[in-house]
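Okay, so here's the structure we're looking at.
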Amino acid sequence: MRTNWKRYFGSGLILGASALILGACGGTADTSDTGSAENTSGEVVVEGDVKLWVDTDHVEVFKGIVAEFEKEFPEVTVEVAAGSSADAKKDVSKDPKAAADVFMMPHDQVGQMAEAGLLYPNTKYADEVKANNVESAVEGVTWNDELYGYPYGVESQVLYYNKAKLTEDDVKSWTTLSEKGKIGTNFAEAGANYIFGPLFMSNGLHLYGETGEDPSGTDFNSEKGAEVLAWIAAQKNNPGVIQSGAEALANLEAGVSDAFLSGPWSKNDVIKALGENMGVAAYPTVDFGSGEVQMKAFLGVKLFAVNQQTDAPLASMALANYLSNETSQMTEFQEMGVIPSNKVVQANAEVQEDVVAKAVMEMSQSTHSVVMPKVPEIVSFWPAMDAIINDAYKGNITADEYMEKLDKLVEDTSKVTEPKEEKE
């Protein structure tokens, strides 16, 4: 949030930001220290040296995209370096001034990083981002009604299944799926939180309110929440459900199970396991006792962000916007398998013909998924959610204890409980 700039970095950046906005609007402010300058005709020239962090596996892909960017912005020089999108908050926090100007990150860190004053708001391309990307992706990069990122992909789990064992109709509901085949999935171990936490939202409840930004807005402690726990407990005795953690893919290949829930990251492994029998579908419906409802998943948004302490904000914003534009997203889909968030790219025939991409894009609709909340309190949700799902499935808590456990869950998830720091 802009109000955080002074709190975290002093008034100097407030003045710099004002100069940037004036410069971007064609004003006469001296913006030479913000990565831009005026040429003799009064136009703002985007210039500067910018460092870009991308995941190690994709450095070469982005070097190619950056080469095209530098042709369009010849006054900008970009250094592409290996980083870790998953560790963006940790890595930028260590020394923001020494960190990259532009970096990849997952959207669920946006709230924490914006609150810490680590992200430069998208002051120049916000309208473009809103117009070109699907609504869920825009939601993912927004915090307190302000855009802090540039989405380039969406990600959610889908249902992979063996077409030799199950039909398209079989996998439309959890009931028929588990009656006619066996699904291998994790209810009993760490990680159940990500897969089955959204069951509560499937039953009409909210995690951190309707927008995912209200720390006290979780309402799982209700009759509908108890219905979800009862359903989870019943899966222990469902012969069509096999507890599968790390061995889920191996079970699918061996024929022990006929389906499992995973994301686009498993695509190549499932192809190896099932070959032409690989089927992919959006999540099935599920019945918690009051009729079939759509089973939901968490939706993740992949994005580029700009470092609040960049010395070249105009150049950095231009780069982040370019890396997430229509042409770049098509390259990222073809070279990296990223499911695009750009509406035009999603409609591309090549993308539509990809069965995994098509299922993820269906899952990205609000009827099928919940954008992962960005509140700092989310760090407390994961361990608490794992515990209650694991215990309900194993029968460690009884039905008359459900509400008490749900009350405690809601209380725990409304607070920020920082994980213990690892020793170097």
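Order determines the names: the first chain of the structure tokens is A, the second B, and so forth; residues in each chain are numbered 1 upward, and ligands are numbered 1 upward as they are shown.
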- Item | Polymer residues at most 6 Å from Val301 of chain A, only C-alpha atoms, same-chain spacing of 2 or more positions, as a ChimeraX atom specification | /A:107,137,140,153-154
Listing only residues of segment 264-355 of chain A within 8 Å of segment 233-252 of chain A, what is the closest atom pair and its distance in Å (to one decimal) for each, using only C-alpha atoms, sorted by chain and residue number ascending, as JSON lines?
{"residue": "A:Asp269", "atom": "CA", "partner": "A:Leu249", "partner_atom": "CA", "distance": 7.9}
{"residue": "A:Val270", "atom": "CA", "partner": "A:Leu249", "partner_atom": "CA", "distance": 7.3}
{"residue": "A:Ala273", "atom": "CA", "partner": "A:Leu252", "partner_atom": "CA", "distance": 7.3}
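Among the candidates A:Ala305, A:Glu335, A:Val50, A:Asn203, the one nearest to Ser85 of chain A when counting only C-alpha atoms is A:Ala305.
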- Query: What residues in segment 205-297 of chain A get the DSSP label alpha helix (DSSP H)? Please answer as number ranges by chain.
  - Reply: A: 223-234, 248-254, 267-274
- Item | Spatial neighbours of Gln309 of chain A, 8 Å, only C-alpha atoms, chain gap at least 3 places, as a list of chain:residue names | A:Pro96, A:Lys97, A:Asp101, A:Leu118, A:Tyr120
What would the file look like if the residues just selected were written as a PDB file, in the first residue's frame with N, CA and C atoms?
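The new file part10.pdb reads:
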ATOM      1  N   PRO A  96      16.499  -5.802   0.517  1.00  0.00           N
ATOM      2  CA  PRO A  96      15.718  -5.316  -0.619  1.00  0.00           C
ATOM      3  C   PRO A  96      16.530  -4.512  -1.624  1.00  0.00           C
ATOM      4  N   LYS A  97      17.469  -3.724  -1.150  1.00  0.00           N
ATOM      5  CA  LYS A  97      18.249  -2.881  -2.052  1.00  0.00           C
ATOM      6  C   LYS A  97      19.135  -3.709  -2.964  1.00  0.00           C
ATOM      7  N   ASP A 101      15.366  -6.133  -9.290  1.00  0.00           N
ATOM      8  CA  ASP A 101      14.355  -5.104  -9.519  1.00  0.00           C
ATOM      9  C   ASP A 101      13.008  -5.726  -9.866  1.00  0.00           C
ATOM     10  N   LEU A 118       7.573  -4.082   0.456  1.00  0.00           N
ATOM     11  CA  LEU A 118       8.580  -4.670  -0.430  1.00  0.00           C
ATOM     12  C   LEU A 118       8.202  -4.599  -1.908  1.00  0.00           C
ATOM     13  N   TYR A 120       6.537  -2.598  -5.322  1.00  0.00           N
ATOM     14  CA  TYR A 120       6.210  -1.330  -5.967  1.00  0.00           C
ATOM     15  C   TYR A 120       4.849  -1.479  -6.646  1.00  0.00           C
TER      16      TYR A 120
END
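Our summary of the geometry notes that atom CA of Asp87 of chain A is positioned 27.0 Å from atom CA of Val410 of chain A.
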